[in-house]
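Enquirer: Can you read through this structure? Questions will come right after.
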Amino acid sequence: MANNADILMLDACTLRERLATGALSALEVVEASISRIEAREPEVHAWAWFDPEFARAQARQLDTHRQTGRAIGPLHGLPVALKDIIDTARIPTENGCALDKGRVPIKDATIVDKLKTAGAIIMGKTVTTELAFMEPGATRNPHNLAHSPGGSSSGSAAAVADGMVPLAVGTQTGGSIIRPASYCGVTGFKPSFGAIPRTGILMQSPTLDTVGVFARTPADAALIAEVLFGHDEADPATRPEPAPPLLEIATSEPPIKPIFAFVKPPGWDDADPELHAAFSELAEALGERMFEIDLPAPFADAAMLRERINFAEMARYYYSYGKKGADQLGPQTLEALSKGNTTLARDYLAALDWGDVLYAGLDEIFDRCDAIICPAAMGPAPEGLEFTGSALFNGLWTFVGTPAVTIPAFTAENGLPMGIQLVAARGNDARLLRNANWFQGWLTEAGA
């Protein structure tokens with residue numbers, strides 16, 4: 001039987017190959033995850049719901065299936081964690097909210113059906129901030145328990161970072177994939193808007209809500225994201241078109257070495273000085289492979305416009321929470337609902353128009369590069385658990401619907417990771433992951 005520590009060191013793509021050949025059983029992989037969770041959960045607090053026997057039962061069923069010689073799915077035997085706003089049949093989905101305590105859906109979300117069909121093992125539900133907004137949960141940063149893991153997909157990022165699971169699913173409305181991935185030192189992938197269906201997932205802002213994934217590498221992110229991509233008639237943001245071969249493209253060699261456009265997002269001057277220094281070193285190391293360019297001037301208003309849409313739609317979709325139990329909601333949630341309730345219709349409708357306007361302004365940049373490169377967060381994870389960090393460097397890309405991926409790149413003086421963020425044109429998810437995979441390899445070589 002394989003050693004648990006050896007199993008936990010393997011990335012998802014390697015695990016998949018060993019599971020497919022029978023070198024590892026699903027039960028062996030699950031037992032390794034269970035051991036890690038039981039050892040670390042009392043400190044990290046990544047899980048909202050976890051039942052080791054449920055995980056073992058799935059693993060045994062998958063091992064039995066494989067022994068019949070029948071085809072196995074692309075995620076066969078791989079443990080996956082789900083943010084606790086994603087509906088799971090007969091398993092609590094409490095949205096990080098006291099008002100939803102004891103809520104147990106009767107039907108799986110669309111993406112949970114996809115994961116099960118692909119042979120994934122649903123390990124459990126990970127902690128989310130309250131209603132996937134800013135009010136923090138109990139999760140701590142695995143690199144330093146005194147620091148935030150980010151939010152709102154805090155438990156999903158922490159579970160992957162701490163080796164509890166190789167893969168996890170989260171959502172992003174502002175910066176809830178990219179920021180916690182950066183803080184926790186893992187790969188986070190937010191695809192193009194509408195790439196992954198949201199049916200059965202808590203709706204906060206239909207204009208902005210995007211499902212994404214956490215993994216160790218861009219290739220691992222491609223592996224799970226490819227399963228999740230696709231059309232769903234119940235989600236009008238999705239389109240009836242074939243899912244791209246994300247993994248095949250992500251793991252292929254770029255035809256030519258990529259060129260990156262370095263942009264300083266609005267708020268750059270307020271970022272951590274260590275981040276400024278790290279990007280200066282990066283620019284020097286990449287040389288002619290990176291050039292600096294300014295974002296169009298209207299991007300200065302992107303954060304305000306995105307927030308206006310977010311809060312107005314949040315007030316609409318969370319109306320029942322405020323009505324039946326405002327006294328049980330956190331102050332940051334209540335403040336957002338208050339702002340949303342006072343947003344004028346004309347201002348909300350005008351803000352909706354700006355997403356496509358700003359995106360059109362990126363054409364000149366994308367014509368000159370393979371991907372935009374910028375910080376994934378304002379710096380390393382903030383100390384304390386009261387603040388999940390600023391989404392300023394992420395929200396603009398959520399607003400315009402572009403795919404974004406972060407990979408660990410720097411280490412702050414306090415030992416905490418800082419990520420870089422790569423951004424591509426809408427629909428160029430596979431090529432973005434390929435460039436991220438190339439970039440991760442370049443970082444490894446440069447650091448050797």
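Simple scheme: letters A, B, ... for chains in structure tokens order, numbers from 1 for residues in each chain, numbers from 1 for ligands in the order shown.
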Determine, counting only C-alpha atoms, which protein, DNA and RNA residues have an atom within 10 Å of an atom of Gln67 in chain A; residues of the same chain fewer than 4 positions away are not included. Present the result as number ranges by chain.
Expert: A: 22, 62-63
Enquirer: Excluding Arg198 in chain A and residues on its chain fewer than 5 positions from it, collect all residues at most 8 Å away from it, counting only C-alpha atoms, and give them as a ChimeraX atom specification.
Expert: /A:109-111,210-211,235
Enquirer: Keeping only C-alpha atoms, write the selected residues to a file as a PDB file, in the first residue's frame.
Expert:
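As written to disk, part_39.pdb reads:
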```pdb
ATOM      1  CA  ALA A 109     -26.041  21.414  -8.470  1.00  0.00           C
ATOM      2  CA  THR A 110     -25.325  20.878 -12.170  1.00  0.00           C
ATOM      3  CA  ILE A 111     -21.574  20.867 -11.598  1.00  0.00           C
ATOM      4  CA  THR A 210     -18.447  32.820 -11.954  1.00  0.00           C
ATOM      5  CA  VAL A 211     -17.538  29.268 -10.947  1.00  0.00           C
ATOM      6  CA  ASP A 235     -28.288  29.073 -16.745  1.00  0.00           C
TER       7      ASP A 235
END
```
Enquirer: Show which residues sit within 7 Å of range 419-430 of chain A, as a list in words. Count only C-alpha atoms, and ignore same-chain residues fewer than 5 positions away.
Expert: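 My reading of the contact set: Ser182, Gly185, Pro191, Ser192, Pro244, Leu246, Ile249, Ala250, Phe366, Ala371, Ile372, Ile373, Cys374, Pro375, Ala376, Gly401, Thr402, Pro403, Ala404, Val405, Thr406, Ile407, Pro408, Ala409 and Phe410 of chain A.
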Enquirer: Would you write out, as a tab-separated table, a table of all residues in range 4-118 of chain A that have an atom no more than 8 Å from an atom of range 149-172 of chain A, listing for each the closest atom pair and the distance in Å to one decimal, considering only C-alpha atoms and ordering rows by chain and rising residue number?
Expert:
```
residue	atom	partner	partner_atom	distance
A:Leu8	CA	A:Gly163	CA	6.1
A:Met9	CA	A:Gly163	CA	7.7
A:Asp11	CA	A:Pro166	CA	6.5
A:Ala12	CA	A:Pro166	CA	5.6
A:Ser33	CA	A:Met164	CA	5.2
A:Ile34	CA	A:Met164	CA	7.5
A:Arg36	CA	A:Met164	CA	5.5
A:Ile37	CA	A:Met164	CA	5.4
A:Val44	CA	A:Ala158	CA	7.5
A:His45	CA	A:Gly155	CA	7.4
A:Ala46	CA	A:Gly155	CA	4.1
A:Trp47	CA	A:Gly155	CA	6.2
A:Leu78	CA	A:Pro166	CA	7.5
A:Pro79	CA	A:Val165	CA	5.9
A:Val80	CA	A:Leu167	CA	5.0
A:Ala81	CA	A:Ala168	CA	4.4
A:Leu82	CA	A:Val169	CA	5.1
A:Lys83	CA	A:Gly170	CA	5.2
```
Enquirer: Might you pull out every residue within 9 Å of Met378 in chain A, with only C-alpha atoms counted and same-chain residues fewer than 2 positions away left off, and present them as a list in words?
Expert: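 Those residues are Arg179, Gly267, Trp268, Asp270, Ala271, Asp272, Leu275, Pro375, Ala376, Pro380, Ala381, Gly389, Ser390, Ala391, Leu392, Phe393 and Met418 of chain A.
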Enquirer: For range 300-302 of chain A, list every protein, DNA or RNA residue within 10 Å, evaluated using only C-alpha atoms, and leave out those in the same chain fewer than 2 positions away; present the list as an mmCIF file with all heavy atoms, in the first residue's frame.
Expert:
```cif
data_model
loop_
_atom_site.group_PDB
_atom_site.id
_atom_site.type_symbol
_atom_site.label_atom_id
_atom_site.label_comp_id
_atom_site.auth_asym_id
_atom_site.auth_seq_id
_atom_site.Cartn_x
_atom_site.Cartn_y
_atom_site.Cartn_z
ATOM 1 N N PRO A 265 -2.832 47.766 -12.308
ATOM 2 C CA PRO A 265 -4.260 48.048 -12.163
ATOM 3 C C PRO A 265 -4.486 49.271 -11.283
ATOM 4 O O PRO A 265 -3.599 49.673 -10.512
ATOM 5 C CB PRO A 265 -4.801 46.781 -11.481
ATOM 6 C CG PRO A 265 -3.720 45.761 -11.578
ATOM 7 C CD PRO A 265 -2.436 46.516 -11.662
ATOM 8 N N PRO A 266 -5.659 49.878 -11.371
ATOM 9 C CA PRO A 266 -5.994 50.949 -10.434
ATOM 10 C C PRO A 266 -5.776 50.472 -8.997
ATOM 11 O O PRO A 266 -6.186 49.377 -8.631
ATOM 12 C CB PRO A 266 -7.479 51.206 -10.712
ATOM 13 C CG PRO A 266 -7.673 50.777 -12.133
ATOM 14 C CD PRO A 266 -6.755 49.613 -12.330
ATOM 15 N N GLY A 267 -5.103 51.290 -8.205
ATOM 16 C CA GLY A 267 -4.769 50.900 -6.844
ATOM 17 C C GLY A 267 -3.343 50.389 -6.697
ATOM 18 O O GLY A 267 -2.909 50.067 -5.587
ATOM 19 N N LEU A 295 -3.629 50.498 -18.725
ATOM 20 C CA LEU A 295 -5.024 50.186 -19.015
ATOM 21 C C LEU A 295 -5.717 51.455 -19.501
ATOM 22 O O LEU A 295 -5.329 52.567 -19.128
ATOM 23 C CB LEU A 295 -5.735 49.684 -17.758
ATOM 24 C CG LEU A 295 -5.417 48.266 -17.290
ATOM 25 C CD1 LEU A 295 -6.057 48.003 -15.933
ATOM 26 C CD2 LEU A 295 -5.907 47.241 -18.306
ATOM 27 N N PRO A 296 -6.748 51.324 -20.353
ATOM 28 C CA PRO A 296 -7.506 52.503 -20.769
ATOM 29 C C PRO A 296 -8.021 53.285 -19.560
ATOM 30 O O PRO A 296 -8.360 52.705 -18.519
ATOM 31 C CB PRO A 296 -8.663 51.905 -21.579
ATOM 32 C CG PRO A 296 -8.124 50.595 -22.078
ATOM 33 C CD PRO A 296 -7.235 50.093 -20.984
ATOM 34 N N ALA A 297 -8.082 54.596 -19.684
ATOM 35 C CA ALA A 297 -8.450 55.470 -18.566
ATOM 36 C C ALA A 297 -9.764 55.093 -17.882
ATOM 37 O O ALA A 297 -9.865 55.178 -16.650
ATOM 38 C CB ALA A 297 -8.495 56.919 -19.051
ATOM 39 N N PRO A 298 -10.811 54.667 -18.622
ATOM 40 C CA PRO A 298 -12.073 54.346 -17.940
ATOM 41 C C PRO A 298 -11.986 53.218 -16.921
ATOM 42 O O PRO A 298 -12.894 53.060 -16.102
ATOM 43 C CB PRO A 298 -12.997 53.963 -19.108
ATOM 44 C CG PRO A 298 -12.453 54.690 -20.292
ATOM 45 C CD PRO A 298 -10.965 54.664 -20.089
ATOM 46 N N MET A 304 -15.798 50.750 -8.920
ATOM 47 C CA MET A 304 -17.051 51.379 -8.509
ATOM 48 C C MET A 304 -18.230 50.817 -9.288
ATOM 49 O O MET A 304 -19.290 50.514 -8.716
ATOM 50 C CB MET A 304 -16.950 52.896 -8.704
ATOM 51 C CG MET A 304 -18.226 53.662 -8.408
ATOM 52 S SD MET A 304 -19.296 53.849 -9.882
ATOM 53 C CE MET A 304 -18.267 54.935 -10.889
ATOM 54 N N LEU A 305 -18.063 50.629 -10.579
ATOM 55 C CA LEU A 305 -19.146 50.114 -11.418
ATOM 56 C C LEU A 305 -19.467 48.657 -11.073
ATOM 57 O O LEU A 305 -20.633 48.269 -10.984
ATOM 58 C CB LEU A 305 -18.749 50.235 -12.888
ATOM 59 C CG LEU A 305 -18.608 51.668 -13.421
ATOM 60 C CD1 LEU A 305 -17.846 51.673 -14.749
ATOM 61 C CD2 LEU A 305 -19.979 52.319 -13.593
ATOM 62 N N ARG A 306 -18.429 47.851 -10.876
ATOM 63 C CA ARG A 306 -18.661 46.450 -10.507
ATOM 64 C C ARG A 306 -19.377 46.349 -9.165
ATOM 65 O O ARG A 306 -20.299 45.568 -8.999
ATOM 66 C CB ARG A 306 -17.320 45.700 -10.439
ATOM 67 C CG ARG A 306 -17.470 44.169 -10.311
ATOM 68 C CD ARG A 306 -16.352 43.544 -9.513
ATOM 69 N NE ARG A 306 -16.334 44.006 -8.147
ATOM 70 C CZ ARG A 306 -17.112 43.514 -7.195
ATOM 71 N NH1 ARG A 306 -17.965 42.543 -7.444
ATOM 72 N NH2 ARG A 306 -17.062 44.016 -5.964
ATOM 73 N N GLU A 307 -18.939 47.152 -8.218
ATOM 74 C CA GLU A 307 -19.569 47.138 -6.894
ATOM 75 C C GLU A 307 -21.035 47.551 -6.967
ATOM 76 O O GLU A 307 -21.886 46.989 -6.289
ATOM 77 C CB GLU A 307 -18.799 48.071 -5.957
ATOM 78 C CG GLU A 307 -19.324 48.060 -4.534
ATOM 79 C CD GLU A 307 -18.525 48.960 -3.625
ATOM 80 O OE1 GLU A 307 -17.517 48.494 -3.049
ATOM 81 O OE2 GLU A 307 -18.914 50.143 -3.485
ATOM 82 N N ARG A 308 -21.330 48.536 -7.800
ATOM 83 C CA ARG A 308 -22.715 48.992 -7.939
ATOM 84 C C ARG A 308 -23.613 47.859 -8.430
ATOM 85 O O ARG A 308 -24.707 47.641 -7.911
ATOM 86 C CB ARG A 308 -22.770 50.182 -8.905
ATOM 87 C CG ARG A 308 -24.162 50.761 -9.107
ATOM 88 C CD ARG A 308 -24.092 52.008 -9.976
ATOM 89 N NE ARG A 308 -23.374 53.084 -9.291
ATOM 90 C CZ ARG A 308 -22.905 54.171 -9.889
ATOM 91 N NH1 ARG A 308 -23.057 54.313 -11.203
ATOM 92 N NH2 ARG A 308 -22.287 55.107 -9.200
ATOM 93 N N ALA A 351 -24.439 51.067 -15.294
ATOM 94 C CA ALA A 351 -23.254 50.284 -14.954
ATOM 95 C C ALA A 351 -23.197 48.990 -15.759
ATOM 96 O O ALA A 351 -22.107 48.538 -16.151
ATOM 97 C CB ALA A 351 -23.247 49.979 -13.458
ATOM 98 N N TRP A 354 -21.245 49.054 -18.992
ATOM 99 C CA TRP A 354 -19.812 49.336 -18.986
ATOM 100 C C TRP A 354 -18.937 48.099 -19.116
ATOM 101 O O TRP A 354 -17.762 48.203 -19.510
ATOM 102 C CB TRP A 354 -19.433 50.130 -17.745
ATOM 103 C CG TRP A 354 -19.594 51.596 -17.957
ATOM 104 C CD1 TRP A 354 -20.659 52.372 -17.590
ATOM 105 C CD2 TRP A 354 -18.671 52.458 -18.623
ATOM 106 N NE1 TRP A 354 -20.452 53.678 -17.981
ATOM 107 C CE2 TRP A 354 -19.245 53.753 -18.619
ATOM 108 C CE3 TRP A 354 -17.427 52.269 -19.222
ATOM 109 C CZ2 TRP A 354 -18.588 54.847 -19.194
ATOM 110 C CZ3 TRP A 354 -16.782 53.356 -19.791
ATOM 111 C CH2 TRP A 354 -17.365 54.624 -19.777
ATOM 112 N N GLY A 355 -19.457 46.923 -18.793
ATOM 113 C CA GLY A 355 -18.634 45.724 -18.897
ATOM 114 C C GLY A 355 -18.101 45.512 -20.301
ATOM 115 O O GLY A 355 -16.897 45.298 -20.514
ATOM 116 N N LEU A 358 -15.637 48.482 -21.432
ATOM 117 C CA LEU A 358 -14.275 48.326 -20.926
ATOM 118 C C LEU A 358 -13.553 47.182 -21.633
ATOM 119 O O LEU A 358 -12.364 47.288 -21.960
ATOM 120 C CB LEU A 358 -14.303 48.081 -19.417
ATOM 121 C CG LEU A 358 -14.753 49.255 -18.541
ATOM 122 C CD1 LEU A 358 -14.809 48.842 -17.082
ATOM 123 C CD2 LEU A 358 -13.822 50.450 -18.711
ATOM 124 N N LEU A 392 -9.452 44.391 -5.206
ATOM 125 C CA LEU A 392 -9.301 45.468 -6.176
ATOM 126 C C LEU A 392 -8.629 45.013 -7.467
ATOM 127 O O LEU A 392 -8.995 45.456 -8.559
ATOM 128 C CB LEU A 392 -8.498 46.621 -5.549
ATOM 129 C CG LEU A 392 -8.422 47.920 -6.359
ATOM 130 C CD1 LEU A 392 -9.814 48.486 -6.607
ATOM 131 C CD2 LEU A 392 -7.552 48.938 -5.628
ATOM 132 N N GLY A 395 -11.466 42.288 -9.292
ATOM 133 C CA GLY A 395 -12.839 42.631 -9.673
ATOM 134 C C GLY A 395 -12.973 43.178 -11.079
ATOM 135 O O GLY A 395 -13.988 42.946 -11.747
ATOM 136 N N LEU A 396 -11.957 43.906 -11.558
ATOM 137 C CA LEU A 396 -12.071 44.467 -12.905
ATOM 138 C C LEU A 396 -12.146 43.373 -13.958
ATOM 139 O O LEU A 396 -12.838 43.506 -14.976
ATOM 140 C CB LEU A 396 -10.939 45.442 -13.194
ATOM 141 C CG LEU A 396 -9.521 44.937 -13.359
ATOM 142 C CD1 LEU A 396 -8.632 46.057 -13.935
ATOM 143 C CD2 LEU A 396 -8.927 44.483 -12.044
ATOM 144 N N TRP A 397 -11.430 42.234 -13.728
ATOM 145 C CA TRP A 397 -11.456 41.137 -14.712
ATOM 146 C C TRP A 397 -12.763 40.338 -14.589
ATOM 147 O O TRP A 397 -13.272 39.846 -15.599
ATOM 148 C CB TRP A 397 -10.242 40.236 -14.525
ATOM 149 C CG TRP A 397 -8.953 40.997 -14.475
ATOM 150 C CD1 TRP A 397 -8.064 41.056 -13.439
ATOM 151 C CD2 TRP A 397 -8.412 41.854 -15.496
ATOM 152 N NE1 TRP A 397 -7.010 41.878 -13.751
ATOM 153 C CE2 TRP A 397 -7.190 42.389 -15.003
ATOM 154 C CE3 TRP A 397 -8.832 42.223 -16.777
ATOM 155 C CZ2 TRP A 397 -6.393 43.259 -15.747
ATOM 156 C CZ3 TRP A 397 -8.046 43.088 -17.519
ATOM 157 C CH2 TRP A 397 -6.845 43.600 -17.017
ATOM 158 N N PHE A 399 -15.542 41.763 -13.822
ATOM 159 C CA PHE A 399 -16.507 42.685 -14.428
ATOM 160 C C PHE A 399 -16.544 42.538 -15.944
ATOM 161 O O PHE A 399 -17.626 42.537 -16.554
ATOM 162 C CB PHE A 399 -16.146 44.111 -14.020
ATOM 163 C CG PHE A 399 -17.117 45.164 -14.460
ATOM 164 C CD1 PHE A 399 -18.471 44.894 -14.619
ATOM 165 C CD2 PHE A 399 -16.685 46.461 -14.697
ATOM 166 C CE1 PHE A 399 -19.362 45.882 -15.014
ATOM 167 C CE2 PHE A 399 -17.562 47.453 -15.088
ATOM 168 C CZ PHE A 399 -18.906 47.167 -15.245
ATOM 169 N N VAL A 400 -15.383 42.408 -16.578
ATOM 170 C CA VAL A 400 -15.359 42.332 -18.046
ATOM 171 C C VAL A 400 -15.451 40.891 -18.543
ATOM 172 O O VAL A 400 -15.474 40.650 -19.752
ATOM 173 C CB VAL A 400 -14.106 43.027 -18.628
ATOM 174 C CG1 VAL A 400 -14.114 44.509 -18.289
ATOM 175 C CG2 VAL A 400 -12.823 42.375 -18.138
#
```
Enquirer: At a cut-off of 9 Å, using only C-alpha atoms, what residues contact Thr333 in chain A? Leave out same-chain residues fewer than 6 positions from it and give the result as a list in words.
Expert: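 Final neighbour list, sorted by chain and number: Glu130, Leu131, Phe133, Met134 and Glu135 of chain A.
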Enquirer: Using only C-alpha atoms, which protein or nucleic acid residues come within 8 Å of Asp209 in chain A? Drop anything in the same chain fewer than 3 positions from it, and give the result as a list in words.
Expert: Thr171, Gln172, Thr173, Phe193, Met203, Gln204, Ser205 and Pro206 of chain A
Enquirer: For the residues selected in the previous step, produce a file with N, CA and C atoms as a JSON list (two decimals), in the first residue's frame.
Expert:
```
[["chain", "number", "residue", "atom", "x", "y", "z"],
["A", 171, "THR", "N", -16.21, 29.94, -6.15],
["A", 171, "THR", "CA", -16.88, 30.91, -7.02],
["A", 171, "THR", "C", -16.22, 32.27, -6.85],
["A", 172, "GLN", "N", -16.41, 33.13, -7.85],
["A", 172, "GLN", "CA", -15.88, 34.49, -7.79],
["A", 172, "GLN", "C", -16.90, 35.47, -8.32],
["A", 173, "THR", "N", -17.19, 36.49, -7.49],
["A", 173, "THR", "CA", -18.03, 37.60, -7.90],
["A", 173, "THR", "C", -17.22, 38.88, -7.95],
["A", 193, "PHE", "N", -16.62, 34.31, -18.23],
["A", 193, "PHE", "CA", -17.98, 34.35, -17.70],
["A", 193, "PHE", "C", -18.89, 33.45, -18.54],
["A", 203, "MET", "N", -26.99, 32.23, -5.69],
["A", 203, "MET", "CA", -26.86, 33.35, -6.60],
["A", 203, "MET", "C", -26.72, 34.65, -5.82],
["A", 204, "GLN", "N", -25.63, 35.35, -6.05],
["A", 204, "GLN", "CA", -25.43, 36.66, -5.44],
["A", 204, "GLN", "C", -25.60, 37.77, -6.47],
["A", 205, "SER", "N", -24.96, 37.57, -7.63],
["A", 205, "SER", "CA", -24.99, 38.58, -8.69],
["A", 205, "SER", "C", -24.92, 37.87, -10.04],
["A", 206, "PRO", "N", -26.05, 37.66, -10.71],
["A", 206, "PRO", "CA", -26.03, 36.91, -11.97],
["A", 206, "PRO", "C", -25.18, 37.53, -13.06]]
```
Enquirer: So which residues of range 199-431 of chain A fall under alpha helix (DSSP H) by DSSP, listed as a PyMOL selection string?
Expert: chain A and resi 218-228+246-250+273-286+302-317+319-325+331-341+345-360+363-368+392-400+429-431
Enquirer: Those residues with C-alpha atoms, as a short mmCIF file (atom, residue, chain, number, x, y, z; two decimals), in the first residue's frame please?
Expert:
```
data_model
loop_
_atom_site.label_atom_id
_atom_site.label_comp_id
_atom_site.auth_asym_id
_atom_site.auth_seq_id
_atom_site.Cartn_x
_atom_site.Cartn_y
_atom_site.Cartn_z
CA PRO A 218 -2.48 25.06 -14.21
CA ALA A 219 -2.63 21.56 -15.72
CA ASP A 220 -4.56 20.29 -12.70
CA ALA A 221 -6.92 23.26 -13.00
CA ALA A 222 -7.48 22.39 -16.66
CA LEU A 223 -8.20 18.76 -15.74
CA ILE A 224 -11.16 19.60 -13.49
CA ALA A 225 -12.35 22.70 -15.34
CA GLU A 226 -12.73 20.75 -18.59
CA VAL A 227 -15.27 18.50 -16.84
CA LEU A 228 -17.22 21.49 -15.52
CA LEU A 246 -8.50 22.44 -21.82
CA LEU A 247 -6.09 19.80 -20.55
CA GLU A 248 -4.69 18.88 -23.97
CA ILE A 249 -4.01 22.50 -24.86
CA ALA A 250 -2.83 23.52 -21.38
CA PRO A 273 6.04 47.67 -1.45
CA GLU A 274 7.26 44.06 -1.50
CA LEU A 275 4.90 43.43 -4.40
CA HIS A 276 6.29 46.44 -6.28
CA ALA A 277 9.82 45.13 -5.79
CA ALA A 278 8.86 41.61 -6.86
CA PHE A 279 7.34 42.82 -10.13
CA SER A 280 10.40 44.96 -10.84
CA GLU A 281 12.55 41.84 -10.52
CA LEU A 282 10.11 39.89 -12.67
CA ALA A 283 10.26 42.51 -15.42
CA GLU A 284 14.04 42.35 -15.40
CA ALA A 285 14.05 38.56 -15.51
CA LEU A 286 11.52 38.27 -18.35
CA ALA A 302 -14.22 49.68 -12.90
CA ALA A 303 -14.25 48.91 -9.17
CA MET A 304 -17.05 51.38 -8.51
CA LEU A 305 -19.15 50.11 -11.42
CA ARG A 306 -18.66 46.45 -10.51
CA GLU A 307 -19.57 47.14 -6.89
CA ARG A 308 -22.71 48.99 -7.94
CA ILE A 309 -23.90 45.99 -9.94
CA ASN A 310 -22.85 43.55 -7.23
CA PHE A 311 -24.67 45.35 -4.42
CA ALA A 312 -27.84 46.07 -6.41
CA GLU A 313 -28.18 42.43 -7.47
CA MET A 314 -27.18 41.24 -4.00
CA ALA A 315 -30.02 43.29 -2.52
CA ARG A 316 -32.40 41.58 -4.94
CA TYR A 317 -31.22 38.00 -4.45
CA TYR A 319 -33.79 40.12 0.07
CA SER A 320 -35.26 37.20 1.98
CA TYR A 321 -32.21 36.98 4.26
CA GLY A 322 -32.53 40.60 5.30
CA LYS A 323 -36.28 40.31 5.74
CA LYS A 324 -36.34 37.20 7.92
CA GLY A 325 -33.20 37.68 9.98
CA PRO A 331 -22.15 44.01 9.48
CA GLN A 332 -20.36 43.78 6.12
CA THR A 333 -23.25 41.84 4.60
CA LEU A 334 -25.77 44.32 5.99
CA GLU A 335 -23.80 47.29 4.69
CA ALA A 336 -23.70 45.83 1.18
CA LEU A 337 -27.44 45.12 1.25
CA SER A 338 -28.10 48.68 2.42
CA LYS A 339 -26.03 50.13 -0.42
CA GLY A 340 -27.77 47.86 -2.91
CA ASN A 341 -31.21 48.91 -1.67
CA ALA A 345 -32.23 51.95 -11.25
CA ARG A 346 -30.68 54.35 -13.76
CA ASP A 347 -27.25 53.98 -12.15
CA TYR A 348 -27.50 50.20 -12.04
CA LEU A 349 -28.60 49.95 -15.68
CA ALA A 350 -25.87 52.35 -16.79
CA ALA A 351 -23.25 50.28 -14.95
CA LEU A 352 -24.39 47.15 -16.79
CA ASP A 353 -23.39 48.73 -20.10
CA TRP A 354 -19.81 49.34 -18.99
CA GLY A 355 -18.63 45.72 -18.90
CA ASP A 356 -18.56 45.41 -22.68
CA VAL A 357 -17.29 48.97 -23.13
CA LEU A 358 -14.27 48.33 -20.93
CA TYR A 359 -13.64 44.96 -22.53
CA ALA A 360 -13.54 46.57 -25.99
CA ASP A 363 -8.39 44.92 -27.82
CA GLU A 364 -5.19 46.87 -28.43
CA ILE A 365 -3.46 45.17 -25.48
CA PHE A 366 -4.53 41.64 -26.42
CA ASP A 367 -3.43 42.26 -30.02
CA ARG A 368 0.13 42.75 -28.75
CA LEU A 392 -9.30 45.47 -6.18
CA PHE A 393 -6.89 43.69 -8.55
CA ASN A 394 -9.44 40.97 -9.40
CA GLY A 395 -12.84 42.63 -9.67
CA LEU A 396 -12.07 44.47 -12.90
CA TRP A 397 -11.46 41.14 -14.71
CA THR A 398 -14.61 39.63 -13.22
CA PHE A 399 -16.51 42.68 -14.43
CA VAL A 400 -15.36 42.33 -18.05
CA ASP A 429 -9.30 29.89 -21.50
CA ALA A 430 -7.28 26.99 -22.89
CA ARG A 431 -4.52 29.19 -24.25
#
```
Enquirer: So, with only C-alpha atoms as the atoms that count, which of A:Ala5, A:Ala243, A:Val29, A:Ala132 lies closest to Leu202 in chain A?
Expert: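 The closest residue to Leu202 in chain A is A:Ala132.
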Enquirer: Check the smallest atom-to-atom distance from each of A:Ile72, A:Arg90, A:Arg140, A:Thr129 to Thr117 in chain A using only C-alpha atoms, then report the winner.
Expert: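 Among A:Ile72, A:Arg90, A:Arg140, A:Thr129, it is A:Ile72 that comes nearest to Thr117 in chain A.
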Enquirer: Have a look at A:His65, A:Lys125, A:Lys101, A:Arg434 and name the one nearest to Gln328 in chain A; count only C-alpha atoms.
Expert: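 Nearest candidate to Gln328 in chain A out of A:His65, A:Lys125, A:Lys101, A:Arg434: A:Lys101.
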Enquirer: Kindly indicate which residue among A:Gly73, A:Leu385, A:Phe291, A:Glu31 lies nearest to Arg16 in chain A, using only C-alpha atoms for the distances.
Expert: A:Gly73
Enquirer: Hey, what does DSSP flag as strand (DSSP E) within range 246-432 of chain A? Can you give it to me as a compact mmCIF listing (two decimals) with C-alpha atoms, in the first residue's frame?
Expert:
```txt
# COMPACT_ATOMS: atom_id res chain seq x y z
CA PHE A 260 3.14 39.28 -21.57
CA ALA A 261 1.73 42.77 -21.17
CA PHE A 262 2.35 44.08 -17.66
CA MET A 290 7.21 41.41 -21.08
CA PHE A 291 6.33 45.00 -21.87
CA GLU A 292 4.47 47.54 -19.75
CA ALA A 371 -1.72 37.39 -21.83
CA ILE A 372 -1.89 40.34 -19.50
CA ILE A 373 0.19 39.92 -16.35
CA CYS A 374 -0.58 41.74 -13.11
CA PRO A 375 -0.69 41.10 -9.35
CA ALA A 404 -7.90 34.78 -15.17
CA VAL A 405 -5.48 32.41 -13.50
CA THR A 406 -3.09 32.93 -10.62
CA ILE A 407 -0.01 30.89 -9.80
CA PRO A 408 2.39 31.22 -6.86
CA ALA A 409 5.36 33.33 -7.86
CA PHE A 410 6.81 35.29 -4.94
CA THR A 411 7.39 34.91 -1.21
CA PRO A 417 3.09 33.56 -0.79
CA MET A 418 2.14 36.18 -3.36
CA GLY A 419 0.73 35.20 -6.74
CA ILE A 420 0.87 36.63 -10.22
CA GLN A 421 -2.32 36.87 -12.25
CA LEU A 422 -2.55 36.14 -15.97
CA VAL A 423 -5.55 37.38 -17.97
```
Enquirer: Determine the nearest neighbour of Ala326 in chain A from the options A:Leu99, A:Ala377, A:Ala23, A:Ile177, counting only C-alpha atoms.
Expert: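 Counting only C-alpha atoms, the residue closest to Ala326 in chain A is A:Leu99.
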Enquirer: Distance CA of Pro74 in chain A-CA of Ala26 in chain A, one decimal place?
Expert: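 It comes out at 13.2 Å.
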